[in-house]
Structures are given as C-alpha cells and as structure tokens.
file model39.txt (compact mmCIF, C-alpha atoms and all ligand atoms)
# COMPACT_ATOMS: atom_id res chain seq x y z
CA MET A 1 -57.83 3.03 0.46
CA THR A 2 -57.32 4.14 4.04
CA GLY A 3 -54.05 4.85 5.81
CA PRO A 4 -51.04 6.89 4.76
CA GLN A 5 -50.13 6.62 1.09
CA PRO A 6 -46.59 7.25 -0.16
CA ARG A 7 -46.18 9.32 -3.33
CA PRO A 8 -46.95 7.15 -6.39
CA THR A 9 -43.33 7.40 -7.53
CA VAL A 10 -42.23 5.53 -4.41
CA ALA A 11 -43.92 2.36 -5.62
CA ALA A 12 -41.98 2.72 -8.87
CA ILE A 13 -38.57 2.75 -7.19
CA PRO A 14 -36.65 -0.30 -8.36
CA ALA A 15 -35.10 -2.49 -5.66
CA TYR A 16 -31.36 -2.33 -5.02
CA VAL A 17 -30.04 -5.87 -5.19
CA ALA A 18 -27.06 -5.98 -2.86
CA GLY A 19 -24.29 -8.53 -3.30
CA LYS A 20 -25.21 -11.70 -1.40
CA PRO A 21 -23.20 -12.62 1.70
CA PRO A 22 -21.20 -15.82 1.30
CA ARG A 23 -22.88 -19.05 2.38
CA PRO A 24 -20.45 -20.85 4.76
CA ARG A 25 -19.34 -24.19 3.35
CA GLU A 26 -17.69 -27.20 4.97
CA GLY A 27 -14.04 -27.44 3.97
CA LEU A 28 -14.19 -24.65 1.38
CA THR A 29 -13.22 -21.00 1.80
CA VAL A 30 -15.94 -18.96 0.15
CA PHE A 31 -14.97 -15.67 -1.50
CA LYS A 32 -17.43 -12.80 -1.82
CA LEU A 33 -16.85 -11.22 -5.21
CA SER A 34 -20.26 -9.63 -5.53
CA SER A 35 -19.91 -6.05 -4.25
CA ASN A 36 -16.60 -4.74 -5.65
CA GLU A 37 -15.16 -4.63 -2.18
CA ASN A 38 -11.51 -4.49 -1.26
CA PRO A 39 -10.21 -7.89 -0.08
CA TYR A 40 -7.49 -6.31 2.09
CA PRO A 41 -7.79 -5.57 5.81
CA PRO A 42 -7.92 -1.87 6.80
CA LEU A 43 -4.95 0.34 5.90
CA PRO A 44 -2.33 0.92 8.64
CA GLY A 45 -3.54 3.21 11.42
CA VAL A 46 -7.20 2.98 10.44
CA VAL A 47 -8.40 0.54 13.11
CA GLU A 48 -6.65 2.56 15.81
CA ALA A 49 -8.15 5.86 14.61
CA ALA A 50 -11.62 4.35 14.28
CA THR A 51 -11.41 2.69 17.70
CA GLU A 52 -10.42 5.95 19.31
CA ALA A 53 -13.34 7.72 17.63
CA ALA A 54 -15.71 4.91 18.65
CA ALA A 55 -14.92 5.58 22.31
CA ARG A 56 -16.63 8.96 21.89
CA MET A 57 -19.84 7.49 20.54
CA ASN A 58 -22.02 9.32 23.07
CA ARG A 59 -21.17 12.55 21.19
CA TYR A 60 -22.40 13.58 17.78
CA PRO A 61 -19.79 13.65 15.04
CA ASP A 62 -18.16 16.91 14.01
CA MET A 63 -20.95 18.07 11.69
CA GLY A 64 -18.49 20.06 9.62
CA SER A 65 -16.13 17.04 9.27
CA SER A 66 -13.36 19.65 9.47
CA GLU A 67 -10.38 17.33 9.69
CA LEU A 68 -11.53 15.25 6.76
CA TYR A 69 -12.38 18.29 4.61
CA ASP A 70 -8.96 19.75 5.37
CA ALA A 71 -7.17 16.47 4.62
CA LEU A 72 -9.03 16.01 1.32
CA ALA A 73 -8.57 19.63 0.26
CA ALA A 74 -4.83 19.31 0.90
CA ARG A 75 -4.55 15.97 -0.88
CA LEU A 76 -6.50 17.06 -3.96
CA GLU A 77 -5.21 20.63 -3.94
CA VAL A 78 -8.71 22.07 -4.16
CA PRO A 79 -10.48 24.64 -1.96
CA ARG A 80 -12.53 22.92 0.73
CA GLU A 81 -15.59 24.87 -0.48
CA HIS A 82 -15.39 22.76 -3.64
CA LEU A 83 -15.89 19.54 -1.67
CA ALA A 84 -18.99 17.83 -0.34
CA LEU A 85 -18.77 14.78 1.91
CA ALA A 86 -21.61 12.28 2.14
CA THR A 87 -22.68 8.96 3.56
CA GLY A 88 -21.07 7.02 0.72
CA SER A 89 -20.93 8.36 -2.83
CA VAL A 90 -24.32 6.77 -3.42
CA ALA A 91 -25.75 9.44 -1.13
CA LEU A 92 -24.21 12.08 -3.37
CA ILE A 93 -26.19 10.72 -6.31
CA TYR A 94 -29.42 11.08 -4.31
CA GLN A 95 -28.41 14.56 -3.12
CA LEU A 96 -27.56 15.86 -6.54
CA VAL A 97 -30.83 14.69 -8.05
CA GLN A 98 -32.64 16.23 -5.11
CA ALA A 99 -30.72 19.50 -5.42
CA PHE A 100 -30.91 19.88 -9.20
CA CYS A 101 -34.12 18.21 -10.40
CA GLU A 102 -37.74 19.25 -10.12
CA PRO A 103 -40.23 16.40 -10.63
CA GLY A 104 -40.17 15.43 -14.30
CA ASP A 105 -36.73 16.86 -14.99
CA GLU A 106 -34.48 14.49 -16.87
CA VAL A 107 -31.35 12.68 -15.80
CA VAL A 108 -29.38 11.04 -18.61
CA TYR A 109 -27.17 8.05 -17.92
CA ALA A 110 -25.79 4.99 -19.66
CA TRP A 111 -27.46 1.65 -19.20
CA ARG A 112 -26.52 -0.77 -17.94
CA SER A 113 -24.69 1.18 -15.31
CA PHE A 114 -24.74 1.61 -11.54
CA GLU A 115 -28.08 0.36 -10.28
CA ALA A 116 -28.53 3.17 -7.75
CA TYR A 117 -29.00 5.72 -10.56
CA PRO A 118 -32.61 4.80 -11.45
CA ILE A 119 -33.42 4.45 -7.75
CA ALA A 120 -32.18 7.95 -6.90
CA VAL A 121 -33.86 9.47 -9.95
CA THR A 122 -37.21 7.78 -9.35
CA ALA A 123 -37.13 8.59 -5.63
CA ALA A 124 -36.88 12.29 -6.52
CA ALA A 125 -39.75 11.94 -9.07
CA ALA A 126 -37.32 12.91 -11.81
CA THR A 127 -37.23 11.07 -15.15
CA SER A 128 -34.51 8.62 -16.20
CA VAL A 129 -33.25 8.80 -19.77
CA ARG A 130 -31.21 5.66 -20.32
CA VAL A 131 -28.80 5.43 -23.21
CA PRO A 132 -27.68 1.86 -23.97
CA VAL A 133 -23.95 1.17 -23.66
CA LEU A 134 -22.17 0.07 -26.84
CA ALA A 135 -21.56 -3.63 -27.56
CA ASP A 136 -18.15 -3.43 -25.89
CA GLY A 137 -19.63 -2.02 -22.66
CA ARG A 138 -18.50 1.57 -23.31
CA HIS A 139 -20.61 4.66 -22.86
CA ASP A 140 -22.17 5.87 -26.10
CA LEU A 141 -21.30 9.49 -25.39
CA ASP A 142 -22.53 10.73 -28.78
CA ALA A 143 -25.94 9.26 -28.10
CA MET A 144 -25.86 10.59 -24.53
CA ALA A 145 -25.12 14.12 -25.79
CA ALA A 146 -27.94 13.76 -28.32
CA ALA A 147 -30.31 12.67 -25.53
CA VAL A 148 -29.88 15.99 -23.68
CA THR A 149 -32.98 18.21 -23.85
CA ASP A 150 -34.15 21.44 -22.23
CA ARG A 151 -35.42 19.31 -19.35
CA THR A 152 -32.09 17.61 -18.73
CA ARG A 153 -30.55 18.76 -15.48
CA VAL A 154 -27.94 16.07 -14.85
CA VAL A 155 -25.90 13.60 -16.91
CA LEU A 156 -24.22 10.78 -15.02
CA VAL A 157 -21.04 9.44 -16.59
CA CYS A 158 -19.89 6.33 -14.78
CA THR A 159 -16.20 5.68 -15.45
CA PRO A 160 -15.06 2.95 -15.12
CA ASN A 161 -18.60 1.81 -15.79
CA ASN A 162 -20.11 -0.48 -13.18
CA PRO A 163 -20.76 -3.26 -14.14
CA THR A 164 -19.33 -3.42 -17.69
CA GLY A 165 -15.81 -2.17 -16.89
CA PRO A 166 -14.48 0.25 -19.54
CA ALA A 167 -13.30 3.76 -18.69
CA VAL A 168 -14.12 6.92 -20.62
CA THR A 169 -10.97 8.58 -21.98
CA GLN A 170 -10.08 12.24 -21.49
CA ALA A 171 -10.47 12.86 -25.24
CA GLU A 172 -13.95 11.31 -25.19
CA LEU A 173 -14.96 13.31 -22.13
CA ASP A 174 -13.65 16.57 -23.63
CA ALA A 175 -15.58 15.98 -26.86
CA PHE A 176 -18.71 15.19 -24.83
CA LEU A 177 -18.39 18.25 -22.60
CA ALA A 178 -18.04 20.47 -25.67
CA LYS A 179 -21.49 19.31 -26.78
CA VAL A 180 -23.34 19.56 -23.48
CA PRO A 181 -25.07 22.89 -22.74
CA PRO A 182 -23.89 24.74 -19.62
CA HIS A 183 -27.19 24.33 -17.73
CA VAL A 184 -26.56 20.57 -17.51
CA LEU A 185 -24.53 19.24 -14.58
CA VAL A 186 -22.18 16.52 -15.80
CA VAL A 187 -21.37 14.15 -12.97
CA VAL A 188 -18.32 11.97 -13.48
CA ASP A 189 -18.78 9.04 -11.12
CA GLU A 190 -15.21 8.02 -10.35
CA ALA A 191 -15.90 5.39 -7.69
CA TYR A 192 -13.14 3.21 -9.21
CA VAL A 193 -10.77 5.95 -10.37
CA GLU A 194 -7.77 4.61 -8.46
CA PHE A 195 -7.79 1.41 -10.53
CA VAL A 196 -7.73 3.06 -13.98
CA ARG A 197 -4.69 2.28 -16.12
CA SER A 198 -5.95 3.35 -19.55
CA SER A 199 -3.70 5.09 -22.07
CA ASP A 200 -5.74 8.31 -21.88
CA PRO A 201 -7.11 8.45 -18.32
CA ILE A 202 -9.38 11.27 -17.21
CA ASP A 203 -7.76 13.97 -15.11
CA GLY A 204 -10.89 14.69 -13.13
CA ILE A 205 -9.46 17.55 -11.09
CA ALA A 206 -8.15 19.40 -14.16
CA THR A 207 -11.48 18.80 -15.92
CA TYR A 208 -13.66 20.18 -13.13
CA ARG A 209 -11.31 23.17 -12.78
CA SER A 210 -11.88 24.13 -16.39
CA HIS A 211 -15.68 23.64 -16.41
CA ASP A 212 -18.47 25.24 -14.37
CA ASN A 213 -20.74 22.24 -14.86
CA VAL A 214 -18.54 19.25 -13.97
CA LEU A 215 -18.71 17.42 -10.66
CA LEU A 216 -16.64 14.38 -9.66
CA THR A 217 -17.92 11.82 -7.18
CA ARG A 218 -15.50 9.49 -5.43
CA THR A 219 -15.55 7.08 -2.53
CA PHE A 220 -13.56 5.57 0.29
CA SER A 221 -15.42 2.28 -0.23
CA LYS A 222 -13.34 0.70 -3.00
CA ALA A 223 -9.58 1.38 -3.18
CA TYR A 224 -9.50 2.67 0.41
CA GLY A 225 -11.40 -0.37 1.70
CA LEU A 226 -13.88 1.49 3.93
CA ALA A 227 -17.13 0.22 2.40
CA GLY A 228 -18.58 -0.56 5.82
CA PHE A 229 -18.09 2.98 7.08
CA ARG A 230 -19.85 4.85 4.25
CA VAL A 231 -17.86 7.87 3.18
CA GLY A 232 -17.89 9.45 -0.26
CA TYR A 233 -17.06 12.90 -1.56
CA ALA A 234 -17.77 15.17 -4.45
CA VAL A 235 -15.42 17.70 -6.03
CA GLY A 236 -16.94 20.44 -8.12
CA PRO A 237 -17.64 24.12 -8.59
CA GLU A 238 -18.44 25.91 -5.36
CA PRO A 239 -22.17 26.52 -6.06
CA VAL A 240 -22.68 22.82 -6.87
CA ALA A 241 -20.76 21.61 -3.81
CA THR A 242 -22.68 24.09 -1.64
CA ALA A 243 -25.99 22.76 -2.97
CA LEU A 244 -24.94 19.18 -2.22
CA ARG A 245 -24.00 20.07 1.34
CA ALA A 246 -27.30 21.94 1.77
CA VAL A 247 -29.35 18.81 1.14
CA SER A 248 -27.09 16.45 3.06
CA LEU A 249 -28.24 14.50 6.06
CA PRO A 250 -27.05 16.35 9.18
CA PHE A 251 -24.33 14.32 10.94
CA GLY A 252 -24.50 11.78 8.10
CA VAL A 253 -20.79 10.92 8.17
CA SER A 254 -20.15 9.26 11.53
CA SER A 255 -17.20 10.10 13.80
CA VAL A 256 -15.75 6.65 13.17
CA ALA A 257 -16.04 7.10 9.41
CA GLN A 258 -14.44 10.54 9.52
CA ALA A 259 -11.52 9.29 11.62
CA ALA A 260 -11.02 6.22 9.44
CA ALA A 261 -11.07 8.27 6.24
CA VAL A 262 -8.50 10.74 7.60
CA ALA A 263 -6.25 7.85 8.66
CA SER A 264 -6.66 6.18 5.26
CA LEU A 265 -5.58 9.34 3.47
CA ALA A 266 -2.46 9.35 5.62
CA ALA A 267 -1.64 5.78 4.53
CA GLU A 268 -1.10 6.73 0.89
CA GLU A 269 1.96 4.52 0.37
CA ALA A 270 0.20 1.34 1.50
CA LEU A 271 -2.85 2.33 -0.51
CA LEU A 272 -0.86 2.66 -3.71
CA GLU A 273 0.79 -0.73 -3.12
CA ARG A 274 -2.56 -2.42 -2.63
CA VAL A 275 -4.12 -0.78 -5.62
CA ALA A 276 -1.11 -1.84 -7.71
CA ALA A 277 -1.50 -5.43 -6.45
CA LEU A 278 -5.22 -5.46 -7.28
CA VAL A 279 -4.56 -4.03 -10.73
CA ALA A 280 -1.91 -6.72 -11.29
CA GLU A 281 -4.42 -9.39 -10.23
CA ARG A 282 -6.98 -7.86 -12.57
CA GLU A 283 -4.56 -8.08 -15.48
CA ARG A 284 -3.66 -11.67 -14.54
CA LEU A 285 -7.34 -12.57 -14.36
CA VAL A 286 -8.20 -10.91 -17.67
CA ALA A 287 -5.30 -12.78 -19.33
CA GLY A 288 -6.45 -16.06 -17.76
CA LEU A 289 -9.98 -15.48 -18.99
CA ARG A 290 -8.73 -14.75 -22.48
CA GLU A 291 -6.85 -18.05 -22.46
CA VAL A 292 -10.07 -19.93 -21.81
CA GLY A 293 -11.88 -17.97 -24.53
CA TRP A 294 -13.49 -15.15 -22.59
CA ASP A 295 -12.57 -11.78 -24.00
CA VAL A 296 -14.26 -9.70 -21.29
CA PRO A 297 -14.77 -5.96 -21.92
CA GLU A 298 -11.88 -3.67 -20.98
CA ALA A 299 -11.75 -3.92 -17.18
CA GLN A 300 -10.61 -0.64 -15.60
CA GLY A 301 -12.25 -1.06 -12.19
CA ASN A 302 -11.79 -3.80 -9.59
CA PHE A 303 -14.21 -6.12 -11.40
CA VAL A 304 -14.85 -7.93 -14.68
CA TRP A 305 -18.07 -8.32 -16.64
CA PHE A 306 -19.37 -11.52 -18.21
CA GLU A 307 -22.10 -10.99 -20.77
CA LEU A 308 -24.18 -14.15 -20.39
CA GLY A 309 -27.76 -13.39 -21.37
CA ASP A 310 -30.05 -16.18 -20.24
CA ARG A 311 -27.11 -18.24 -18.91
CA THR A 312 -26.57 -15.73 -16.10
CA ALA A 313 -28.43 -17.63 -13.38
CA ASP A 314 -26.62 -20.90 -14.25
CA PHE A 315 -23.29 -19.08 -14.11
CA ALA A 316 -24.08 -17.85 -10.59
CA VAL A 317 -25.03 -21.39 -9.52
CA VAL A 318 -21.75 -22.86 -10.78
CA ALA A 319 -19.88 -19.97 -9.15
CA ASP A 320 -21.54 -20.86 -5.88
CA GLU A 321 -20.47 -24.51 -6.31
CA LEU A 322 -16.89 -23.29 -6.75
CA GLY A 323 -17.11 -21.20 -3.58
CA ILE A 324 -17.36 -17.75 -5.14
CA VAL A 325 -20.25 -15.34 -4.84
CA VAL A 326 -20.75 -13.25 -7.99
CA ARG A 327 -23.29 -10.53 -8.76
CA PRO A 328 -25.75 -11.73 -11.40
CA PHE A 329 -27.87 -9.24 -13.36
CA ALA A 330 -30.80 -11.41 -14.46
CA GLY A 331 -30.83 -12.07 -18.20
CA GLU A 332 -27.81 -9.85 -18.83
CA GLY A 333 -24.63 -11.04 -17.24
CA ALA A 334 -22.55 -11.26 -14.10
CA ARG A 335 -20.09 -8.90 -12.48
CA VAL A 336 -17.21 -10.47 -10.61
CA SER A 337 -14.93 -8.45 -8.31
CA ILE A 338 -11.18 -8.85 -8.20
CA GLY A 339 -10.36 -10.67 -4.98
CA GLU A 340 -7.58 -12.69 -3.46
CA PRO A 341 -5.39 -14.62 -5.96
CA GLU A 342 -7.09 -17.91 -5.02
CA ALA A 343 -10.50 -16.34 -5.63
CA ASN A 344 -9.39 -15.05 -9.02
CA ASP A 345 -8.09 -18.51 -9.96
CA ARG A 346 -11.55 -19.87 -9.24
CA VAL A 347 -13.05 -17.24 -11.54
CA VAL A 348 -10.88 -18.57 -14.38
CA GLU A 349 -12.07 -22.08 -13.56
CA LEU A 350 -15.66 -20.82 -13.61
CA ALA A 351 -15.12 -19.24 -17.01
CA ARG A 352 -13.58 -22.48 -18.29
CA ARG A 353 -16.80 -24.26 -17.38
CA PHE A 354 -18.83 -21.64 -19.24
CA PRO A 355 -17.49 -21.45 -22.78
CA ARG A 356 -18.40 -18.18 -24.36
N1 LIG B 1 -20.72 4.67 -7.93
C1 LIG B 1 -20.47 3.49 -8.47
C2 LIG B 1 -20.20 3.42 -9.93
C3 LIG B 1 -20.46 2.34 -7.69
O1 LIG B 1 -20.23 1.15 -8.25
C4 LIG B 1 -20.70 2.44 -6.31
C5 LIG B 1 -20.71 1.25 -5.39
N2 LIG B 1 -21.16 0.08 -5.86
C6 LIG B 1 -20.96 3.69 -5.81
C7 LIG B 1 -20.96 4.80 -6.63
C8 LIG B 1 -21.31 3.91 -4.38
O2 LIG B 1 -20.31 3.64 -3.51
P1 LIG B 1 -20.40 4.10 -1.99
O3 LIG B 1 -21.78 4.56 -1.71
O4 LIG B 1 -20.00 2.92 -1.21
O5 LIG B 1 -19.42 5.24 -1.89
call {"tool": "encode", "arguments": {"input": "model39.txt", "output": "structure tokens", "more": "lines below"}}
Ligand code: PMP
result
Amino acid sequence: MTGPQPRPTVAAIPAYVAGKPPRPREGLTVFKLSSNENPYPPLPGVVEAATEAAARMNRYPDMGSSELYDALAARLEVPREHLALATGSVALIYQLVQAFCEPGDEVVYAWRSFEAYPIAVTAAAATSVRVPVLADGRHDLDAMAAAVTDRTRVVLVCTPNNPTGPAVTQAELDAFLAKVPPHVLVVVDEAYVEFVRSSDPIDGIATYRSHDNVLLTRTFSKAYGLAGFRVGYAVGPEPVATALRAVSLPFGVSSVAQAAAVASLAAEEALLERVAALVAERERLVAGLREVGWDVPEAQGNFVWFELGDRTADFAVVADELGIVVRPFAGEGARVSIGEPEANDRVVELARRFPR
C-alpha cells in the first residue's frame, strides 16, 4: 500500500457515538435526552463573563488558567498543584492513559461504562481489561481488583456509572483500594458526583488525600451546564496532576471556557438549587417508571438506564415518535437523561408502551 499509514491500533479505535441532535417536528417540542446534558440555561453571570472573554478572542487564553485554578483550589480546599484542568474530563482520560501506559499496559474498567474509555485506551495502544458490571448495573469491584496484574497501570472506576446509573459507596471503594497495589492509579470518574444522594456517598477529596494512587476526575459539563465549553478537572496527588498537565494540549481550555467556569463556581447557590431540582425530577421519574413496571437500576446520575436487549432499537423509535431523543446502545439498552418535567413525563409514557 502506498501513502501514509496510521499505526495499526488507530484502525481498532471504536467510534464514539454521540447523542443525536433532535429532529425538529411540526407542533411537537422535541427534547434531547441523549447526552446527559443540563436542561437549564447558563448559571447567573456566566453569559456575561463568557461574552467579555469572547471579545478578547484575538489573544491566546491564559495558558496557566490561573484564575480557574485558584477558584477551584479555594473551592475544593486543595493545593493548586494537585489539580489538572483539561478540555473536558474526557481529555483527562486520554491524558492519563498517555501519561501512565506504555503500549500493551493494561487499563481495567467496568463494562458497560463510559464509551470513551476503550477509545482512549486503544488510541494509546494500551490494552483494555473489561470487567462486566453486575446484573444490577453496579461495578463488580471484587472482580476488578482480581483483574489487576503486574501490567495494570490504571483502573477506571466510573461512579455513578454511565450508562447504568448506580454509584459506588465509600465502603466499597475503601475495600477496593485496600486490595489494589500502590503502582496502580485508581481513577474515580466523578462526572456526575453532584447528583449523588446515596446513603454512603464517596468523599472523593478525603479519599485522594489519604491515598497516593487515587485521582478524581470531574467536569463542568453536567451539573454546571457548560458541556459546550469543554472544561474538566482532575484532583490527585501532585506527581499525578503534574504528569497530566505535562501531556495536556497547550492552550486547550479556551478563554471563554475559563471565564465561564470561574463564573459558574461563583454561582454556587443557583447551582445547588438546580441540582436539587434535577435530583427531585430524577426521583419522580424513577417512581413513575416503577409504577408502570420498570424497576430501573439505582439512578445516581442525571440519567436512567433501560436494559432492553434486542428491543433497544424499537425503544428508540418509539421515543422519537413521542418527541424524545434517547441514547440507544445497540442490543443492550438505552440511557435517558433527566430533562424538563414535560420530557420526563414522556419518558414514563415511553416506558408504559414498553412493558418490561
Ligand atoms: N466521564 C463520564 C462518566 C461521562 O459520562 C462523561 C460525559 N459523557 C465524561 C466523563 C466526559 O465529560 P466531559 O468531557 O464533557 O467533561
């Protein structure tokens, strides 16, 4: 063959299937519930801050993102050297595989979980070790600990797990961490942490403080509603955070994104109100689903999971007829985000039409 050839692993990278945009429909408001986005408009002060930053678009962003690092360090009460910002928390997953894995090194994660994991691992020519989630959608942390070998560099713990919904408890995480050797970086992907209301929630900050091998990843895309601006951050031991910053894309977090994230952090009160409203809608939806016979797995994020097997595609078609866009995972099930109350009512109607 002539012409440039990418590394063979590139051909093996699975495609990321993004949530479909809504198809406009005559006389029907269509709700996009396919990407776990926040249905609210930006938090107070965010549009103003972003607009002001946009006016300086001829200049590169502050490469050190100083204001945002300072604001996050103050909010989380951690040294700024323990933080690493990135272009969405998905970029952090790429960066940590790049920083910690040689080709062939192993990354252990639950499956099904966040679809970017196998993409990031394959892109770095590392090896995915997938441990099936339990029947109730929870991580099988015993099996994940048992899957760790001398080649394991990273374990990804997604809590709440996208797309199945349950959260790992602090007791479960502690027991898991006690079994994992210190050379393994345990990444707790907390993209949905703000929505967790479990009886034994993880205290991520306390956990990373007491372990040299624990890193948290979080995002401004979900609770903070800044998905379009792409800002995520990691909190972890200084050497790990330093490594993540070393492999980051220079100027990756735009000026607009930095300004919007700083303004969002300042709008804590409104944030908490919105999160509380979304959690209340989640509980209302889960109760409504139960009434029509769908006992979905414990939903601790801003989404619910329908295990549908080969009925998944039909479910998505009926959803579309009802004016809601869901995220089907072919042959497995569908993930549906918590949206506006009217959208959530339609999800109950959808479930009614699909007896379990
Ligand atoms: N982790 C999990 C578990 C997610 O579901 C997502 C978004 N779908 C991300 C990370 C990435 O979010 P972002 O890149 O927007 O910060």
call {"tool": "residues_near_ligand", "arguments": {"input": "model39.txt", "ligand": "ligand LIG 1 (chain B)", "cutoff": "7 Å", "atoms": "all atoms listed in the file", "output": "PDB file with C-alpha atoms, keeping the file's coordinate frame"}}
result
ATOM      1  CA  SER A  35     -19.910  -6.050  -4.250  1.00  0.00           C
ATOM      2  CA  ASN A  36     -16.600  -4.740  -5.650  1.00  0.00           C
ATOM      3  CA  THR A  87     -22.680   8.960   3.560  1.00  0.00           C
ATOM      4  CA  GLY A  88     -21.070   7.020   0.720  1.00  0.00           C
ATOM      5  CA  SER A  89     -20.930   8.360  -2.830  1.00  0.00           C
ATOM      6  CA  VAL A  90     -24.320   6.770  -3.420  1.00  0.00           C
ATOM      7  CA  ALA A  91     -25.750   9.440  -1.130  1.00  0.00           C
ATOM      8  CA  PHE A 114     -24.740   1.610 -11.540  1.00  0.00           C
ATOM      9  CA  CYS A 158     -19.890   6.330 -14.780  1.00  0.00           C
ATOM     10  CA  ASN A 161     -18.600   1.810 -15.790  1.00  0.00           C
ATOM     11  CA  ASN A 162     -20.110  -0.480 -13.180  1.00  0.00           C
ATOM     12  CA  ASP A 189     -18.780   9.040 -11.120  1.00  0.00           C
ATOM     13  CA  GLU A 190     -15.210   8.020 -10.350  1.00  0.00           C
ATOM     14  CA  ALA A 191     -15.900   5.390  -7.690  1.00  0.00           C
ATOM     15  CA  ARG A 218     -15.500   9.490  -5.430  1.00  0.00           C
ATOM     16  CA  THR A 219     -15.550   7.080  -2.530  1.00  0.00           C
ATOM     17  CA  PHE A 220     -13.560   5.570   0.290  1.00  0.00           C
ATOM     18  CA  SER A 221     -15.420   2.280  -0.230  1.00  0.00           C
ATOM     19  CA  ALA A 227     -17.130   0.220   2.400  1.00  0.00           C
ATOM     20  CA  ARG A 230     -19.850   4.850   4.250  1.00  0.00           C
ATOM     21  CA  VAL A 231     -17.860   7.870   3.180  1.00  0.00           C
ATOM     22  CA  GLY A 232     -17.890   9.450  -0.260  1.00  0.00           C
TER      23      GLY A 232
END
call {"tool": "closest_atom_pairs", "arguments": {"input": "model39.txt", "of": "segment 138-228 of chain A", "to": "segment 272-290 of chain A", "cutoff": "8 Å", "atoms": "all atoms listed in the file", "output": "CSV"}}
result
residue,atom,partner,partner_atom,distance
A:Glu194,CA,A:Val275,CA,7.1
A:Phe195,CA,A:Val279,CA,6.3
A:Ala223,CA,A:Val275,CA,6.4
call {"tool": "atom_distance", "arguments": {"input": "model39.txt", "atom1": "atom CA of Ser113 of chain A", "atom2": "atom CA of Thr164 of chain A"}}
result
7.5 Å
call {"tool": "closest_residue", "arguments": {"input": "model39.txt", "among": "A:Phe306, A:Phe329, A:Trp294, A:Tyr40", "to": "Pro355 of chain A", "atoms": "only C-alpha atoms"}}
result
A:Trp294
call {"tool": "residues_around", "arguments": {"input": "model39.txt", "residues": "Glu342 of chain A", "least_positions_apart": "2", "cutoff": "12 Å", "atoms": "all atoms listed in the file", "output": "count of residues only"}}
result
22
call {"tool": "closest_residue", "arguments": {"input": "model39.txt", "among": "A:Val188, A:Met57, A:Ala126, A:Ala241", "to": "Arg80 of chain A", "atoms": "only C-alpha atoms"}}
result
A:Ala241
call {"tool": "closest_residue", "arguments": {"input": "model39.txt", "among": "A:Asp314, A:Gly165, A:Ala266, A:Ser255", "to": "Gly301 of chain A", "atoms": "all atoms listed in the file"}}
result
A:Gly165
call {"tool": "atom_distance", "arguments": {"input": "model39.txt", "atom1": "atom CA of Pro163 of chain A", "atom2": "atom CA of Ala86 of chain A"}}
result
22.5 Å
call {"tool": "axis_aligned_box", "arguments": {"input": "model39.txt", "around": "segment 303-308 of chain A", "padding_each_side": "3 Å", "output": "AutoDock Vina command-line options"}}
result
--center_x -19.2 --center_y -10.1 --center_z -16.1 --size_x 16.0 --size_y 14.0 --size_z 15.4
call {"tool": "closest_residue", "arguments": {"input": "model39.txt", "among": "A:Pro341, A:Pro44, A:Pro118, A:Gly64", "to": "Ala246 of chain A", "atoms": "all atoms listed in the file"}}
result
A:Gly64
